[in-house]
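Asker: Dumping the structure here so I can ask a few things about it.
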Amino acid sequence: TRCLCCGGTAGTRSVLTPVALGTSAAVKVVAEGVIEALAQEHARTGETGRKERLLIFSDSRQDAAHQARFIVFAARYDRMRRRVVELIESHGPLPIQRLVELLGELGIKERDNPTIERPGARYLADEDLRKVQAWEEAPLLDDLAVTAGYRGTLVNLGLMAVRYGHLAQRVRDDPGRQVC
């Protein structure tokens, strides 16, 4: 239950987790690889700006619906994690609120935030900006709340840490009192 490198624990669970790909995860990885390879090939041949589509066949409607939902769900979280890494590399450590604001700015700039009703608009109303930020914030907060057994969270990737404001000072000021 203790990591050999850092000494950290995962509570009562083992810090070692099996690596296994389910059908949905395998299809997602292959699909993303195909789309990226097509985009690279188009860039190499000068055919940029094409929107790639991939058709995945399945033996049942239920499985097809599951695959589609999983790919969309996982892609949203992958997008968020890539952008968090990019933002931390360019800005250094950030509080969650600032991270959400910057994620919103990237979603507007890249025009890939689905809450934007008019992607080409020069200005967004405050209400529209709050929708953009809420859509960006949801996977970030969900990722923070996921159990420690999932290796892909921002916390387990070492990109995010939870620090309680003034907790150390409170403990020093009143060591005999319960904090929580």
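Residue numbering restarts at 1 for every chain of the structure tokens, chains are lettered A, B, ... in their displayed order, and ligands are numbered from 1 as they appear.
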Show me, as JSON, numbers by chain, the residues that have an atom within 12 Å of A:Phe73 when counting only C-alpha atoms, minus same-chain residues fewer than 3 positions from it.
Answerer: {"A": [24, 25, 28, 66, 67, 68, 69, 70, 76, 77, 78, 79, 80, 138, 139]}
Asker: For the residues selected in the previous step, produce a file with C-alpha atoms as a tab-separated table (two decimals), in the first residue's frame.
Answerer:
chain	number	residue	atom	x	y	z
A	24	SER	CA	-14.29	1.03	-25.43
A	25	ALA	CA	-10.84	2.20	-24.39
A	28	LYS	CA	-10.96	5.09	-28.49
A	66	HIS	CA	-21.78	2.87	-25.55
A	67	GLN	CA	-18.69	3.29	-27.76
A	68	ALA	CA	-19.83	6.72	-28.96
A	69	ARG	CA	-20.62	7.96	-25.46
A	70	PHE	CA	-17.29	6.69	-24.12
A	76	ARG	CA	-13.41	15.76	-23.15
A	77	TYR	CA	-11.24	14.68	-20.22
A	78	ASP	CA	-8.17	14.12	-22.44
A	79	ARG	CA	-8.65	17.63	-23.88
A	80	MET	CA	-8.90	19.11	-20.38
A	138	ALA	CA	-16.95	20.34	-14.71
A	139	PRO	CA	-14.36	17.77	-15.87
Asker: Considering only C-alpha atoms, return as a PyMOL selection string whatever protein or nucleic-acid residues lie within 12 Å of A:Arg98, sequence-local ones (same chain, fewer than 5 positions apart) excluded.
Answerer: chain A and resi 84+87-88+91-93+103-105+133+136-137
Asker: Deliver the residues from the most recent selection as a file, using N, CA and C atoms, as an mmCIF file, in the first residue's frame.
Answerer:
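Final file, result_12.cif:
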data_model
loop_
_atom_site.group_PDB
_atom_site.id
_atom_site.type_symbol
_atom_site.label_atom_id
_atom_site.label_comp_id
_atom_site.auth_asym_id
_atom_site.auth_seq_id
_atom_site.Cartn_x
_atom_site.Cartn_y
_atom_site.Cartn_z
ATOM 1 N N VAL A 84 -4.528 21.577 -19.318
ATOM 2 C CA VAL A 84 -4.001 21.888 -17.987
ATOM 3 C C VAL A 84 -2.476 21.801 -18.009
ATOM 4 N N LEU A 87 -1.176 24.846 -19.802
ATOM 5 C CA LEU A 87 -1.304 26.068 -18.988
ATOM 6 C C LEU A 87 -0.308 26.086 -17.831
ATOM 7 N N ILE A 88 -0.087 24.956 -17.197
ATOM 8 C CA ILE A 88 0.874 24.904 -16.094
ATOM 9 C C ILE A 88 2.291 25.128 -16.615
ATOM 10 N N HIS A 91 2.274 29.022 -17.410
ATOM 11 C CA HIS A 91 1.989 29.977 -16.336
ATOM 12 C C HIS A 91 2.531 29.567 -14.968
ATOM 13 N N GLY A 92 2.945 28.318 -14.814
ATOM 14 C CA GLY A 92 3.356 27.826 -13.498
ATOM 15 C C GLY A 92 2.122 27.434 -12.687
ATOM 16 N N PRO A 93 2.305 27.196 -11.396
ATOM 17 C CA PRO A 93 1.158 26.783 -10.558
ATOM 18 C C PRO A 93 0.031 27.817 -10.591
ATOM 19 N N LEU A 103 -8.805 27.954 -19.096
ATOM 20 C CA LEU A 103 -9.399 26.885 -19.905
ATOM 21 C C LEU A 103 -10.543 27.444 -20.753
ATOM 22 N N GLY A 104 -11.335 28.341 -20.163
ATOM 23 C CA GLY A 104 -12.418 28.986 -20.909
ATOM 24 C C GLY A 104 -11.884 29.804 -22.068
ATOM 25 N N GLU A 105 -10.806 30.556 -21.824
ATOM 26 C CA GLU A 105 -10.204 31.354 -22.894
ATOM 27 C C GLU A 105 -9.716 30.457 -24.036
ATOM 28 N N GLN A 133 -17.157 28.722 -18.955
ATOM 29 C CA GLN A 133 -16.309 28.344 -17.822
ATOM 30 C C GLN A 133 -16.894 27.160 -17.043
ATOM 31 N N GLU A 136 -16.018 24.025 -18.877
ATOM 32 C CA GLU A 136 -14.594 23.708 -18.704
ATOM 33 C C GLU A 136 -14.309 23.232 -17.283
ATOM 34 N N GLU A 137 -15.019 23.779 -16.316
ATOM 35 C CA GLU A 137 -14.765 23.467 -14.910
ATOM 36 C C GLU A 137 -15.252 22.071 -14.517
#
Asker: Using only C-alpha atoms, can you tell me which of A:Glu101, A:Glu32, A:Glu127, A:Glu89 comes closest to A:Ile71?
Answerer: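 Closest to A:Ile71 of all the choices is A:Glu32.
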Asker: Please provide as a PyMOL selection string all residues within 12 Å of A:Leu55, with the sequence filter that same-chain residues fewer than 6 positions apart are discarded (counting only C-alpha atoms).
Answerer: chain A and resi 27+31+34-35+64+67-68
Asker: With N, CA, C and O atoms retained, write the just-selected residues as a JSON list (two decimals), in the first residue's frame.
Answerer:
[["chain", "number", "residue", "atom", "x", "y", "z"],
["A", 27, "VAL", "N", -10.99, 0.90, -28.60],
["A", 27, "VAL", "CA", -11.56, 1.55, -29.78],
["A", 27, "VAL", "C", -11.21, 3.04, -29.77],
["A", 27, "VAL", "O", -10.86, 3.62, -30.80],
["A", 31, "ALA", "N", -9.13, 4.85, -32.62],
["A", 31, "ALA", "CA", -9.82, 5.91, -33.35],
["A", 31, "ALA", "C", -9.02, 7.21, -33.30],
["A", 31, "ALA", "O", -8.84, 7.88, -34.33],
["A", 34, "VAL", "N", -5.98, 6.94, -35.58],
["A", 34, "VAL", "CA", -6.32, 7.04, -37.01],
["A", 34, "VAL", "C", -6.58, 8.50, -37.38],
["A", 34, "VAL", "O", -6.08, 8.99, -38.39],
["A", 35, "ILE", "N", -7.36, 9.20, -36.56],
["A", 35, "ILE", "CA", -7.66, 10.61, -36.84],
["A", 35, "ILE", "C", -6.38, 11.45, -36.85],
["A", 35, "ILE", "O", -6.17, 12.29, -37.73],
["A", 64, "ALA", "N", -22.74, 0.14, -29.92],
["A", 64, "ALA", "CA", -22.37, 1.33, -30.69],
["A", 64, "ALA", "C", -22.63, 2.61, -29.90],
["A", 64, "ALA", "O", -21.80, 3.52, -29.88],
["A", 67, "GLN", "N", -19.97, 2.87, -27.20],
["A", 67, "GLN", "CA", -18.69, 3.29, -27.76],
["A", 67, "GLN", "C", -18.69, 4.80, -28.02],
["A", 67, "GLN", "O", -17.73, 5.49, -27.68],
["A", 68, "ALA", "N", -19.75, 5.29, -28.63],
["A", 68, "ALA", "CA", -19.83, 6.72, -28.96],
["A", 68, "ALA", "C", -19.80, 7.58, -27.71],
["A", 68, "ALA", "O", -19.08, 8.58, -27.65]]
Asker: Within 8 Å of A:Ser14, counting only C-alpha atoms, which residues show up once you throw out same-chain ones fewer than 4 positions away? Write them as a list of chain:residue names, please.
Answerer: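 Counting only the stated atoms, we get A:Thr1, A:Arg2, A:Thr9, A:Ala10.
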Asker: What would the file look like if the residues just selected were written as a PDB file, in the first residue's frame with C-alpha atoms?
Answerer:
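The file below, out.pdb, is the result:
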ATOM      1  CA  THR A   1       0.000   0.000   0.000  1.00  0.00           C
ATOM      2  CA  ARG A   2       3.052   2.310  -0.112  1.00  0.00           C
ATOM      3  CA  THR A   9      -0.227   5.730  -0.118  1.00  0.00           C
ATOM      4  CA  ALA A  10      -3.616   5.099  -1.666  1.00  0.00           C
TER       5      ALA A  10
END
Asker: Within 10 Å of A:Pro114, counting only C-alpha atoms, which residues qualify if same-chain residues fewer than 3 places away don't, as a PDB file with all heavy atoms, in the first residue's frame?
Answerer:
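Generated file (part_20.pdb):
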ATOM      1  N   GLY A 107     -10.900  27.452 -24.765  1.00  0.00           N
ATOM      2  CA  GLY A 107     -12.082  26.900 -25.418  1.00  0.00           C
ATOM      3  C   GLY A 107     -12.690  27.879 -26.407  1.00  0.00           C
ATOM      4  O   GLY A 107     -13.169  27.485 -27.477  1.00  0.00           O
ATOM      5  N   ILE A 108     -12.662  29.165 -26.060  1.00  0.00           N
ATOM      6  CA  ILE A 108     -13.162  30.208 -26.961  1.00  0.00           C
ATOM      7  C   ILE A 108     -12.215  30.367 -28.150  1.00  0.00           C
ATOM      8  O   ILE A 108     -12.644  30.399 -29.300  1.00  0.00           O
ATOM      9  CB  ILE A 108     -13.332  31.546 -26.206  1.00  0.00           C
ATOM     10  CG1 ILE A 108     -14.442  31.416 -25.158  1.00  0.00           C
ATOM     11  CG2 ILE A 108     -13.601  32.688 -27.176  1.00  0.00           C
ATOM     12  CD1 ILE A 108     -14.473  32.554 -24.153  1.00  0.00           C
ATOM     13  N   ARG A 111     -12.355  27.428 -30.374  1.00  0.00           N
ATOM     14  CA  ARG A 111     -13.738  27.229 -30.840  1.00  0.00           C
ATOM     15  C   ARG A 111     -14.218  25.785 -30.659  1.00  0.00           C
ATOM     16  O   ARG A 111     -14.916  25.233 -31.501  1.00  0.00           O
ATOM     17  CB  ARG A 111     -13.885  27.634 -32.299  1.00  0.00           C
ATOM     18  CG  ARG A 111     -13.608  29.097 -32.534  1.00  0.00           C
ATOM     19  CD  ARG A 111     -13.797  29.453 -33.968  1.00  0.00           C
ATOM     20  NE  ARG A 111     -13.585  30.898 -34.150  1.00  0.00           N
ATOM     21  CZ  ARG A 111     -13.882  31.536 -35.249  1.00  0.00           C
ATOM     22  NH1 ARG A 111     -14.406  30.895 -36.265  1.00  0.00           N
ATOM     23  NH2 ARG A 111     -13.669  32.817 -35.337  1.00  0.00           N
ATOM     24  N   GLU A 117     -22.628  29.697 -28.526  1.00  0.00           N
ATOM     25  CA  GLU A 117     -23.673  29.668 -29.553  1.00  0.00           C
ATOM     26  C   GLU A 117     -23.208  30.282 -30.859  1.00  0.00           C
ATOM     27  O   GLU A 117     -23.612  29.854 -31.932  1.00  0.00           O
ATOM     28  CB  GLU A 117     -24.926  30.362 -29.031  1.00  0.00           C
ATOM     29  CG  GLU A 117     -25.561  29.606 -27.870  1.00  0.00           C
ATOM     30  CD  GLU A 117     -26.754  30.333 -27.283  1.00  0.00           C
ATOM     31  OE1 GLU A 117     -27.259  31.278 -27.910  1.00  0.00           O
ATOM     32  OE2 GLU A 117     -27.171  29.940 -26.183  1.00  0.00           O
ATOM     33  N   ARG A 118     -22.371  31.311 -30.779  1.00  0.00           N
ATOM     34  CA  ARG A 118     -21.849  31.959 -31.983  1.00  0.00           C
ATOM     35  C   ARG A 118     -20.315  31.937 -31.908  1.00  0.00           C
ATOM     36  O   ARG A 118     -19.701  32.868 -31.391  1.00  0.00           O
ATOM     37  CB  ARG A 118     -22.345  33.394 -32.074  1.00  0.00           C
ATOM     38  CG  ARG A 118     -23.865  33.500 -32.214  1.00  0.00           C
ATOM     39  CD  ARG A 118     -24.310  34.914 -32.077  1.00  0.00           C
ATOM     40  NE  ARG A 118     -23.700  35.460 -30.856  1.00  0.00           N
ATOM     41  CZ  ARG A 118     -23.647  36.747 -30.546  1.00  0.00           C
ATOM     42  NH1 ARG A 118     -24.164  37.617 -31.326  1.00  0.00           N
ATOM     43  NH2 ARG A 118     -23.087  37.154 -29.438  1.00  0.00           N
ATOM     44  N   PRO A 119     -19.695  30.859 -32.413  1.00  0.00           N
ATOM     45  CA  PRO A 119     -18.245  30.712 -32.263  1.00  0.00           C
ATOM     46  C   PRO A 119     -17.419  31.850 -32.838  1.00  0.00           C
ATOM     47  O   PRO A 119     -16.322  32.101 -32.389  1.00  0.00           O
ATOM     48  CB  PRO A 119     -17.939  29.399 -32.999  1.00  0.00           C
ATOM     49  CG  PRO A 119     -19.224  28.670 -33.040  1.00  0.00           C
ATOM     50  CD  PRO A 119     -20.297  29.710 -33.071  1.00  0.00           C
ATOM     51  N   LYS A 131     -21.182  30.189 -18.837  1.00  0.00           N
ATOM     52  CA  LYS A 131     -21.503  28.863 -19.393  1.00  0.00           C
ATOM     53  C   LYS A 131     -20.245  28.178 -19.918  1.00  0.00           C
ATOM     54  O   LYS A 131     -20.043  26.987 -19.706  1.00  0.00           O
ATOM     55  CB  LYS A 131     -22.531  28.985 -20.522  1.00  0.00           C
ATOM     56  CG  LYS A 131     -23.924  29.314 -20.073  1.00  0.00           C
ATOM     57  CD  LYS A 131     -24.835  29.440 -21.286  1.00  0.00           C
ATOM     58  CE  LYS A 131     -26.203  29.961 -20.922  1.00  0.00           C
ATOM     59  NZ  LYS A 131     -27.035  30.180 -22.123  1.00  0.00           N
ATOM     60  N   VAL A 132     -19.417  28.947 -20.611  1.00  0.00           N
ATOM     61  CA  VAL A 132     -18.158  28.414 -21.139  1.00  0.00           C
ATOM     62  C   VAL A 132     -17.306  27.900 -19.987  1.00  0.00           C
ATOM     63  O   VAL A 132     -16.785  26.780 -20.012  1.00  0.00           O
ATOM     64  CB  VAL A 132     -17.398  29.493 -21.946  1.00  0.00           C
ATOM     65  CG1 VAL A 132     -15.954  29.077 -22.203  1.00  0.00           C
ATOM     66  CG2 VAL A 132     -18.105  29.788 -23.254  1.00  0.00           C
ATOM     67  N   TRP A 135     -18.633  24.713 -18.311  1.00  0.00           N
ATOM     68  CA  TRP A 135     -18.379  23.513 -19.109  1.00  0.00           C
ATOM     69  C   TRP A 135     -16.921  23.075 -18.969  1.00  0.00           C
ATOM     70  O   TRP A 135     -16.620  21.890 -18.935  1.00  0.00           O
ATOM     71  CB  TRP A 135     -18.736  23.765 -20.569  1.00  0.00           C
ATOM     72  CG  TRP A 135     -18.797  22.509 -21.372  1.00  0.00           C
ATOM     73  CD1 TRP A 135     -19.863  21.675 -21.522  1.00  0.00           C
ATOM     74  CD2 TRP A 135     -17.739  21.930 -22.153  1.00  0.00           C
ATOM     75  NE1 TRP A 135     -19.531  20.613 -22.331  1.00  0.00           N
ATOM     76  CE2 TRP A 135     -18.232  20.745 -22.736  1.00  0.00           C
ATOM     77  CE3 TRP A 135     -16.425  22.297 -22.411  1.00  0.00           C
ATOM     78  CZ2 TRP A 135     -17.470  19.938 -23.556  1.00  0.00           C
ATOM     79  CZ3 TRP A 135     -15.658  21.491 -23.236  1.00  0.00           C
ATOM     80  CH2 TRP A 135     -16.182  20.332 -23.793  1.00  0.00           C
TER      81      TRP A 135
END
Asker: Atom CA of A:Pro95 and atom CA of A:Thr115, how far apart in Å?
Answerer: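 Separation of atom CA of A:Thr115 and atom CA of A:Pro95: 23.4 Å.
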Asker: Report the distance between atom CA of A:Val30 and atom CA of A:Leu54 in Å, rounded to one decimal place.
Answerer: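 Spanning atom CA of A:Val30 to atom CA of A:Leu54 is a straight-line distance of 10.7 Å.
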Asker: Figure out the distance between atom CA of A:Ala145 and atom CA of A:Gly8, please, to one decimal in Å.
Answerer: 18.0 Å
